[in-house]
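Below: run03.txt (compact mmCIF, C-alpha atoms)
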# COMPACT_ATOMS: atom_id res chain seq x y z
CA MET A 5 2.49 33.06 9.25
CA THR A 6 -0.04 33.42 11.99
CA GLU A 7 -1.54 35.90 14.30
CA THR A 8 -0.76 35.06 17.89
CA GLY A 9 -3.46 34.45 20.44
CA GLY A 10 -3.14 37.82 22.14
CA THR A 11 -4.19 39.58 18.99
CA GLY A 12 -7.38 37.70 18.60
CA ARG A 13 -9.96 40.44 18.79
CA ALA A 14 -11.20 41.76 15.50
CA GLY A 15 -10.99 45.44 14.78
CA PRO A 16 -13.85 47.62 13.58
CA LYS A 17 -13.82 46.18 10.07
CA GLY A 18 -12.66 42.70 10.99
CA GLY A 19 -8.92 43.35 11.26
CA PRO A 20 -6.98 42.00 14.22
CA ARG A 21 -6.38 44.04 17.34
CA ILE A 22 -3.27 43.54 19.38
CA GLY A 23 -3.44 42.37 22.95
CA LEU A 24 -7.12 41.39 23.07
CA ARG A 25 -8.66 37.93 22.96
CA PRO A 26 -11.65 37.18 20.71
CA GLU A 27 -14.91 37.52 22.61
CA THR A 28 -17.74 37.21 20.09
CA ARG A 29 -18.38 34.56 17.47
CA ARG A 30 -17.54 37.07 14.73
CA GLN A 31 -14.19 37.91 16.31
CA LYS A 32 -13.35 34.22 16.68
CA SER A 33 -14.26 33.66 13.03
CA VAL A 34 -12.05 36.56 11.97
CA LYS A 35 -9.12 35.14 13.88
CA ALA A 36 -9.72 31.67 12.46
CA LEU A 37 -9.72 33.14 8.94
CA TRP A 38 -6.60 35.18 9.70
CA VAL A 39 -4.74 32.15 11.02
CA GLY A 40 -6.10 29.78 8.37
CA LEU A 41 -5.04 32.11 5.57
CA TRP A 42 -1.44 31.03 6.00
CA LEU A 43 -2.37 27.37 5.58
CA PHE A 44 -2.49 28.00 1.83
CA TYR A 45 1.28 27.60 1.97
CA LEU A 46 0.60 23.90 2.48
CA SER A 47 -0.40 23.64 -1.16
CA ALA A 48 2.90 21.91 -2.01
CA PRO A 49 2.35 18.95 0.37
CA VAL A 50 -1.31 18.69 -0.65
CA THR A 51 -0.39 18.70 -4.34
CA ASP A 52 2.25 16.05 -3.73
CA LEU A 53 -0.25 13.97 -1.80
CA VAL A 54 -2.75 14.08 -4.65
CA SER A 55 -0.49 13.74 -7.69
CA GLY A 56 2.90 12.75 -6.34
CA GLY A 57 2.73 9.15 -7.45
CA HIS A 58 2.50 7.71 -3.94
CA SER A 59 0.76 4.46 -3.16
CA LEU A 60 -2.73 4.44 -1.71
CA GLY A 61 -1.41 3.51 1.73
CA ALA A 62 1.16 6.30 1.64
CA ARG A 63 -1.51 8.79 0.62
CA LEU A 64 -3.79 7.67 3.40
CA LEU A 65 -1.09 7.86 6.06
CA GLY A 66 0.22 11.13 4.65
CA GLY A 67 -3.25 12.68 4.72
CA LEU A 68 -3.79 11.59 8.31
CA GLY A 69 -0.37 12.92 9.28
CA LEU A 70 -1.01 16.27 7.59
CA ALA A 71 -4.43 16.58 9.27
CA ALA A 72 -2.87 15.83 12.66
CA PHE A 73 -0.13 18.40 12.00
CA VAL A 74 -2.60 21.12 11.03
CA ALA A 75 -4.86 20.35 14.01
CA SER A 76 -1.92 20.49 16.43
CA TYR A 77 -0.64 23.68 14.84
CA LEU A 78 -4.02 25.43 15.10
CA LEU A 79 -4.52 24.25 18.67
CA LEU A 80 -1.09 25.54 19.62
CA VAL A 81 -1.67 28.92 17.99
CA PHE A 82 -5.17 29.46 19.36
CA ARG A 83 -4.23 28.72 22.94
CA THR A 84 -1.37 31.24 23.03
CA ALA A 85 -3.80 33.80 24.47
CA ARG A 86 -4.06 31.70 27.63
CA GLN A 87 -1.47 31.15 30.30
CA THR A 88 -0.46 27.73 29.07
CA GLU A 89 2.23 25.77 30.89
CA VAL A 90 5.53 26.11 29.06
CA ARG A 91 6.24 22.39 29.33
CA ARG A 92 3.03 21.54 27.52
CA VAL A 93 3.87 23.98 24.74
CA LEU A 94 7.35 22.48 24.39
CA VAL A 95 5.81 19.01 24.08
CA SER A 96 3.44 20.31 21.37
CA VAL A 97 6.33 21.91 19.45
CA ALA A 98 8.35 18.71 19.75
CA ALA A 99 5.38 16.71 18.42
CA LEU A 100 5.05 19.07 15.47
CA SER A 101 8.77 18.78 14.75
CA LEU A 102 8.60 14.99 14.85
CA THR A 103 5.57 14.93 12.55
CA ALA A 104 7.26 17.27 10.06
CA THR A 105 10.43 15.16 10.09
CA VAL A 106 8.61 11.85 9.56
CA LEU A 107 6.42 13.20 6.76
CA SER A 108 9.37 14.84 4.98
CA LEU A 109 11.55 11.71 5.17
CA SER A 110 8.67 9.48 4.08
CA LEU A 111 7.02 11.52 1.33
CA GLY A 112 9.69 13.83 -0.06
CA ARG A 113 11.05 17.36 -0.21
CA GLU A 114 7.66 19.05 -0.77
CA TRP A 115 6.89 18.39 2.90
CA LEU A 116 9.86 20.37 4.19
CA VAL A 117 7.65 23.47 4.30
CA LEU A 118 6.07 22.05 7.48
CA PHE A 119 9.18 23.11 9.40
CA VAL A 120 8.37 26.75 8.67
CA PHE A 121 5.05 26.30 10.48
CA VAL A 122 6.85 24.63 13.38
CA SER A 123 9.29 27.53 13.69
CA VAL A 124 6.55 30.15 13.52
CA SER A 125 4.34 28.38 16.08
CA SER A 126 7.25 28.02 18.52
CA GLY A 127 8.01 31.73 18.22
CA ALA A 128 4.36 32.57 18.77
CA ALA A 129 3.64 30.22 21.66
CA LEU A 130 6.82 30.14 23.72
CA PRO A 131 8.36 32.89 25.89
CA GLY A 132 11.18 34.83 24.26
CA GLU A 133 13.87 33.38 26.51
CA ILE A 134 12.96 29.90 25.21
CA SER A 135 11.89 30.59 21.62
CA ARG A 136 15.21 32.27 20.85
CA PHE A 137 16.68 28.77 21.09
CA THR A 138 13.80 26.75 19.64
CA VAL A 139 13.55 28.79 16.43
CA PRO A 140 17.21 28.20 15.42
CA GLY A 141 16.83 24.58 16.61
CA VAL A 142 13.86 23.98 14.30
CA THR A 143 15.73 25.68 11.45
CA ALA A 144 18.73 23.42 12.05
CA LEU A 145 16.45 20.37 12.05
CA LEU A 146 15.02 21.60 8.75
CA ALA A 147 18.52 21.74 7.25
CA LEU A 148 19.45 18.26 8.49
CA THR A 149 16.21 16.78 7.20
CA ALA A 150 16.61 18.52 3.83
CA PHE A 151 20.02 16.89 3.31
CA ALA A 152 18.53 13.51 4.22
CA VAL A 153 15.65 13.84 1.72
CA PRO A 154 16.38 13.23 -1.99
CA ASP A 155 16.92 16.58 -3.71
CA GLY A 156 15.88 18.32 -0.48
CA ASP A 157 18.86 20.69 -0.63
CA GLU A 158 17.26 22.33 -3.68
CA TYR A 159 14.40 23.53 -1.46
CA LEU A 160 16.64 24.45 1.44
CA ALA A 161 17.58 27.95 0.27
CA GLY A 162 13.93 28.93 -0.10
CA LEU A 163 12.93 27.61 3.33
CA LEU A 164 15.75 28.55 5.69
CA ILE A 165 15.10 32.29 5.65
CA PRO A 166 11.27 32.01 6.07
CA ALA A 167 11.72 29.54 8.93
CA LEU A 168 14.33 31.62 10.74
CA MET A 169 12.89 35.08 10.08
CA GLY A 170 9.27 33.98 10.48
CA GLY A 171 10.00 32.43 13.85
CA PHE A 172 11.84 35.46 15.18
CA ALA A 173 9.18 37.78 13.75
CA MET A 174 6.62 35.98 15.90
CA VAL A 175 8.92 36.35 18.90
CA GLY A 176 8.85 40.11 18.34
CA ILE A 177 5.08 40.16 17.85
CA ARG A 178 4.58 38.19 21.06
CA ALA A 179 6.73 40.71 22.94
CA MET A 180 4.74 43.57 21.39
CA ILE A 181 1.49 41.91 22.44
CA ARG A 182 2.72 41.51 26.01
CA THR A 183 3.80 45.17 26.12
CA THR A 184 0.47 46.32 24.69
CA MET A 185 -1.49 44.35 27.25
CA GLU A 186 0.63 45.77 30.07
CA LEU A 187 0.04 49.28 28.74
CA ARG A 188 -3.71 48.68 28.64
CA GLU A 189 -3.66 47.45 32.22
CA ALA A 190 -1.57 50.44 33.30
CA ARG A 191 -3.91 52.84 31.52
CA ALA A 192 -6.93 51.27 33.23
CA THR A 193 -5.18 51.57 36.59
CA VAL A 194 -4.32 55.23 36.00
CA ALA A 195 -7.91 55.96 34.97
CA GLN A 196 -9.22 54.27 38.10
CA LEU A 197 -6.82 56.21 40.31
CA ALA A 198 -7.81 59.45 38.61
CA ALA A 199 -11.50 58.68 39.15
CA ASN A 200 -10.87 57.92 42.82
CA GLU A 201 -8.94 61.15 43.22
CA GLU A 202 -11.77 63.08 41.58
CA ARG A 203 -14.30 61.52 43.97
CA LEU A 204 -12.14 62.50 46.94
CA ARG A 205 -11.75 66.03 45.64
CA MET A 206 -15.49 66.38 45.11
CA ALA A 207 -16.15 65.00 48.61
CA ARG A 208 -13.72 67.53 50.09
CA ASP A 209 -15.21 70.43 48.18
CA LEU A 210 -18.79 69.49 49.02
CA HIS A 211 -17.83 69.11 52.66
CA ASP A 212 -16.25 72.57 52.64
CA LEU A 213 -19.26 74.06 50.88
CA LEU A 214 -21.96 72.47 53.00
CA GLY A 215 -20.29 71.99 56.37
CA HIS A 216 -20.66 75.58 57.51
CA SER A 217 -24.12 76.08 55.95
CA LEU A 218 -25.60 72.91 57.44
CA SER A 219 -24.14 73.69 60.86
CA LEU A 220 -25.68 77.16 60.72
CA ILE A 221 -29.04 75.76 59.60
CA THR A 222 -29.00 73.27 62.47
CA LEU A 223 -28.16 75.96 65.01
CA LYS A 224 -30.87 78.36 63.80
CA SER A 225 -33.42 75.55 63.70
CA GLU A 226 -32.69 74.79 67.36
CA LEU A 227 -33.00 78.50 68.22
CA ALA A 228 -36.31 78.81 66.38
CA GLY A 229 -37.60 75.76 68.20
CA ARG A 230 -36.71 77.25 71.60
CA MET A 231 -38.29 80.58 70.71
CA LEU A 232 -41.66 79.06 69.90
CA PRO A 233 -44.32 79.73 71.00
CA GLY A 234 -43.18 82.59 73.30
CA GLN A 235 -41.25 84.65 70.71
CA PRO A 236 -42.93 84.12 67.33
CA ASP A 237 -41.37 87.19 65.68
CA ALA A 238 -37.82 86.18 66.64
CA ALA A 239 -38.55 82.60 65.57
CA ALA A 240 -39.81 83.87 62.21
CA GLN A 241 -36.55 85.77 61.76
CA GLN A 242 -34.57 82.59 62.43
CA VAL A 243 -36.70 80.70 59.88
CA ALA A 244 -36.02 83.44 57.32
CA ASP A 245 -32.30 83.13 57.99
CA ILE A 246 -32.56 79.35 57.55
CA GLU A 247 -34.24 79.87 54.15
CA ARG A 248 -31.54 82.33 53.05
CA VAL A 249 -28.67 80.05 54.11
CA SER A 250 -30.23 76.99 52.48
CA ARG A 251 -30.79 78.84 49.21
CA GLN A 252 -27.17 79.99 49.18
CA ALA A 253 -26.01 76.44 49.92
CA LEU A 254 -28.08 75.17 46.99
CA VAL A 255 -26.50 77.78 44.70
CA ASP A 256 -23.02 76.77 45.87
CA VAL A 257 -23.70 73.09 45.24
CA ARG A 258 -25.09 73.77 41.77
CA GLU A 259 -22.04 75.84 40.84
CA ALA A 260 -19.68 73.17 42.15
CA VAL A 261 -21.44 70.32 40.34
CA SER A 262 -21.78 72.26 37.08
CA GLY A 263 -18.09 73.07 37.27
CA TYR A 264 -17.28 69.37 37.52
CA ARG A 265 -19.66 68.26 34.77
CA ARG A 266 -19.23 71.02 32.20
CA PRO A 267 -17.06 69.65 29.36
CA THR A 268 -15.13 71.75 26.86
CA LEU A 269 -14.56 71.18 23.17
CA PRO A 270 -10.74 71.00 23.39
CA GLY A 271 -11.00 68.46 26.19
CA GLU A 272 -13.62 66.36 24.38
CA LEU A 273 -11.65 66.46 21.11
CA ALA A 274 -8.61 65.13 22.96
CA GLY A 275 -10.72 62.44 24.61
CA ALA A 276 -12.30 61.55 21.25
CA ARG A 277 -8.89 61.06 19.65
CA THR A 278 -7.83 58.76 22.49
CA ALA A 279 -11.06 56.74 22.42
CA LEU A 280 -11.14 56.34 18.63
CA THR A 281 -7.47 55.39 18.43
CA ALA A 282 -7.90 52.81 21.19
CA ALA A 283 -10.86 51.34 19.28
CA GLY A 284 -8.83 51.05 16.08
CA VAL A 285 -10.81 53.81 14.31
CA LEU A 286 -8.94 56.35 12.18
CA ALA A 287 -9.72 59.74 13.75
CA ASP A 288 -10.02 62.76 11.42
CA LEU A 289 -10.39 65.65 13.88
CA PRO A 290 -9.98 69.42 13.55
CA ALA A 291 -6.61 70.75 14.62
CA GLU A 292 -8.21 73.52 16.69
CA PRO A 293 -11.87 74.02 17.68
CA VAL A 294 -13.79 77.22 17.12
CA GLU A 295 -12.82 79.77 19.77
CA GLY A 296 -14.90 82.41 21.50
CA LEU A 297 -18.10 80.37 21.82
CA PRO A 298 -20.47 81.12 24.69
CA GLU A 299 -19.90 78.76 27.59
CA GLU A 300 -23.37 77.19 27.38
CA VAL A 301 -23.04 76.61 23.62
CA GLU A 302 -19.59 75.04 23.94
CA SER A 303 -20.80 72.80 26.75
CA ALA A 304 -23.79 71.57 24.72
CA LEU A 305 -21.61 70.82 21.68
CA ALA A 306 -19.02 69.08 23.85
CA TRP A 307 -21.71 66.79 25.28
CA ALA A 308 -22.90 66.04 21.73
CA LEU A 309 -19.35 65.20 20.64
CA ARG A 310 -18.86 62.88 23.61
CA GLU A 311 -22.11 60.98 22.94
CA ALA A 312 -21.45 60.69 19.21
CA VAL A 313 -17.92 59.36 19.67
CA THR A 314 -19.14 56.91 22.30
CA ASN A 315 -21.71 55.56 19.82
CA VAL A 316 -19.05 55.26 17.11
CA VAL A 317 -16.77 53.27 19.40
CA ARG A 318 -19.49 51.01 20.80
CA HIS A 319 -21.89 50.39 17.96
CA SER A 320 -20.76 51.54 14.53
CA GLY A 321 -18.03 49.05 13.57
CA ALA A 322 -16.46 51.97 11.71
CA GLN A 323 -12.99 52.21 10.25
CA ARG A 324 -12.90 56.01 10.03
CA CYS A 325 -14.59 58.81 11.95
CA THR A 326 -14.59 62.43 10.81
CA VAL A 327 -15.34 65.30 13.18
CA ARG A 328 -15.87 68.88 12.03
CA VAL A 329 -16.57 71.99 14.13
CA GLU A 330 -17.26 75.00 11.89
CA LEU A 331 -18.56 78.54 12.22
CA LEU A 332 -20.97 79.27 9.34
CA GLN A 333 -22.62 82.48 8.18
CA THR A 334 -26.27 82.01 7.23
CA LEU A 335 -29.07 84.43 6.31
CA ALA A 336 -30.31 84.19 9.89
CA GLY A 337 -26.89 84.90 11.35
CA LYS A 338 -23.87 82.93 12.49
CA VAL A 339 -24.24 79.26 13.29
CA VAL A 340 -21.76 76.88 14.87
CA GLU A 341 -22.05 73.35 13.49
CA LEU A 342 -20.69 70.08 14.87
CA SER A 343 -20.63 67.09 12.53
CA VAL A 344 -19.57 63.54 13.50
CA ALA A 345 -19.65 61.03 10.64
CA ASP A 346 -18.41 57.44 10.39
CA ASP A 347 -18.21 54.81 7.67
CA GLY A 348 -19.46 51.93 9.80
CA GLY A 349 -22.45 49.65 9.49
CA GLY A 350 -24.77 51.74 11.66
CA GLY A 351 -26.61 53.22 8.70
CA ALA A 352 -30.08 52.47 10.02
CA ALA A 353 -32.47 55.05 11.42
CA PRO A 354 -31.53 55.83 15.04
CA VAL A 355 -33.67 54.51 17.88
CA PRO A 356 -34.45 57.34 20.33
CA GLY A 357 -32.78 56.69 23.66
CA ASN A 358 -31.54 58.49 26.71
CA GLY A 359 -28.38 59.67 24.92
CA LEU A 360 -30.02 61.34 21.90
CA THR A 361 -32.94 62.57 23.98
CA GLY A 362 -30.59 64.21 26.48
CA LEU A 363 -28.54 65.79 23.68
CA THR A 364 -31.67 67.17 22.03
CA GLU A 365 -32.75 68.75 25.30
CA ARG A 366 -29.31 70.28 25.90
CA LEU A 367 -29.18 71.76 22.40
CA GLU A 368 -32.74 73.05 22.54
CA ALA A 369 -31.84 74.83 25.79
CA VAL A 370 -29.37 76.98 23.83
CA GLY A 371 -31.61 77.30 20.77
CA GLY A 372 -29.90 74.54 18.78
CA THR A 373 -31.05 71.47 16.88
CA LEU A 374 -29.86 67.88 16.56
CA SER A 375 -30.22 65.51 13.62
CA ALA A 376 -28.87 61.97 13.35
CA GLY A 377 -29.22 59.37 10.66
CA PRO A 378 -27.63 57.38 7.81
CA ALA A 379 -24.91 59.06 5.79
CA GLY A 380 -25.37 57.77 2.25
CA LYS A 381 -25.31 54.02 1.61
CA LYS A 382 -22.97 53.38 4.48
CA GLY A 383 -22.22 55.02 7.76
CA PHE A 384 -23.91 57.31 10.24
CA ARG A 385 -23.84 61.06 10.85
CA LEU A 386 -24.74 63.25 13.80
CA LEU A 387 -25.20 66.96 13.16
CA ALA A 388 -25.64 69.56 15.90
CA ARG A 389 -26.29 73.22 15.01
CA VAL A 390 -26.53 76.15 17.40
CA PRO A 391 -27.27 79.74 16.25
CA LEU A 392 -25.04 82.42 17.69
CA GLY A 393 -27.13 85.39 16.62
CA SER A 394 -26.49 88.01 13.98
CA GLY A 395 -24.39 90.05 16.28
CA SER A 396 -22.03 87.31 17.38
As structure tokens, what does this structure read like?
Amino acid sequence: MTETGGTGRAGPKGGPRIGLRPETRRQKSVKALWVGLWLFYLSAPVTDLVSGGHSLGARLLGGLGLAAFVASYLLLVFRTARQTEVRRVLVSVAALSLTATVLSLSLGREWLVLFVFVSVSSGAALPGEISRFTVPGVTALLALTAFAVPDGDEYLAGLLIPALMGGFAMVGIRAMIRTTMELREARATVAQLAANEERLRMARDLHDLLGHSLSLITLKSELAGRMLPGQPDAAAQQVADIERVSRQALVDVREAVSGYRRPTLPGELAGARTALTAAGVLADLPAEPVEGLPEEVESALAWALREAVTNVVRHSGAQRCTVRVELLQTLAGKVVELSVADDGGGGAAPVPGNGLTGLTERLEAVGGTLSAGPAGKKGFRLLARVPLGSGS
């Protein structure tokens, strides 16, 4: 009957995301709406309060009691995302149980539904090793109170199962939230370790590439210095050797760096699926990319795919993202086309930035073009096209 605190962050279209706390005002509002939705089940006590034939004093006290119950319930649910002391949570659950008991005994059987909220909140807020006892305990208290309230046993059959199953369902959701958060932390740790390992590997490779060349340049520079001014021809030969070695070192570094930075379409498609899934966006991706593309063309399209997916995850608020990589035959020859479209709220004209500017330059370097803009009434689309030539 509630979404626990660890699931507070809204998804791309406002739905809850497991294991994340709300950060923005919109996400907090979404969680409040999600939690408050279940309060409609309090219609029976509210109806009884309004038209149940109670005295004015009973209505006033009942209204105050119901408001205090709802406030305590919401406070208990919203703070489950924090590391709250178990003793304080137990006191809050006990207070809710006492309030539900007093209101049910005082105002009648319609108020027995409050015990369902108590059971659910205890399952959501307490650790599993404790809530597995509190949920049956609250259900037992519901049964005892129902037999003490006039005609309460008639409502008992319809409340026992929701109280028991709802409470244990929240126990399972809390465990799932904890597991999801641990998985996120583990994934972040693995990514950090992989990045560190990549930095070490690059440092080793650059050291191997440049160590010998720089040592040779230093040695020949010292020789040229000793040869001047008495042996200008020999010194000039040493300077020529220095130029040759430095040029070769520059070529080696460029090849090493380009090897590290050059993405591939299969790799970027796999990364896109992971990123979109983690962001709660339904990923519609091609099963296999186009094969046999020139290396420069594939690299440019892979960079475009990475930038487009990053924008979808960060800015679009989309629920679905569709990626297509197709080889088309036009009058001018074959063309490979990459299309990334989403159904989010980013349907405005794009503002030129470093990302789109860099992609345009990369595509123009291989003879391609880039277009980005609204896709119909809703959503955004990036389209990259690169000609392969009539003979490709």
I'd like the interatomic distance between CA of Glu226 in chain A and CA of Glu259 in chain A, to a tenth of an Å.
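CA of Glu259 in chain A lies at a distance of 28.6 Å from CA of Glu226 in chain A.
Going from CA of Gly112 in chain A to CA of His58 in chain A covers 10.2 Å.
Once Leu289 in chain A and its same-chain neighbours fewer than 5 positions away are set aside, Thr326, Val327 and Arg328 of chain A remain within 7 Å of it when counting all atoms listed in the file.
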For a quick check of understanding, using only C-alpha atoms, which of A:Ser303, A:Pro267, A:Leu218, A:Arg324 has the smallest distance to Val285 in chain A?
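Closest residue, counting only C-alpha atoms: A:Arg324.
Between Leu286 in chain A and the candidates A:Asp155, A:Glu300, A:Glu202, A:Asp347, the tightest atom-to-atom separation, counting only C-alpha atoms, involves A:Asp347.
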Contact residues around Arg251 in chain A with all atoms listed in the file at 12 Å, ignoring same-chain residues under 4 positions, as a ChimeraX atom specification:
/A:214,217-218,221,244-247,255-258
Please identify all polymer residues lying at most 8 Å from the point (-19.3, 74.0, 10.8) (file coordinates), using all atoms listed in the file, and present the result as a list in words.
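The residues near that point, listed by chain and number, are Arg328, Val329, Glu330, Leu331, Leu332, Val339, Val340, Glu341, Leu342 and Ser343 of chain A.
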Using C-alpha atoms, can you export the residues from the last selection as a compact mmCIF listing (two decimals), in the coordinates of the input?
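Below you can see selection_14.txt, which holds the result:
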# COMPACT_ATOMS: atom_id res chain seq x y z
CA ARG A 328 -15.87 68.88 12.03
CA VAL A 329 -16.57 71.99 14.13
CA GLU A 330 -17.26 75.00 11.89
CA LEU A 331 -18.56 78.54 12.22
CA LEU A 332 -20.97 79.27 9.34
CA VAL A 339 -24.24 79.26 13.29
CA VAL A 340 -21.76 76.88 14.87
CA GLU A 341 -22.05 73.35 13.49
CA LEU A 342 -20.69 70.08 14.87
CA SER A 343 -20.63 67.09 12.53
For a quick check of your reading of the model, name the residues lying within 10 Å of the coordinate (17.0, 23.9, 10.1), counting only C-alpha atoms, and write them as a PyMOL selection string.
chain A and resi 116+119-120+123+139-150+160+163-165+167-168
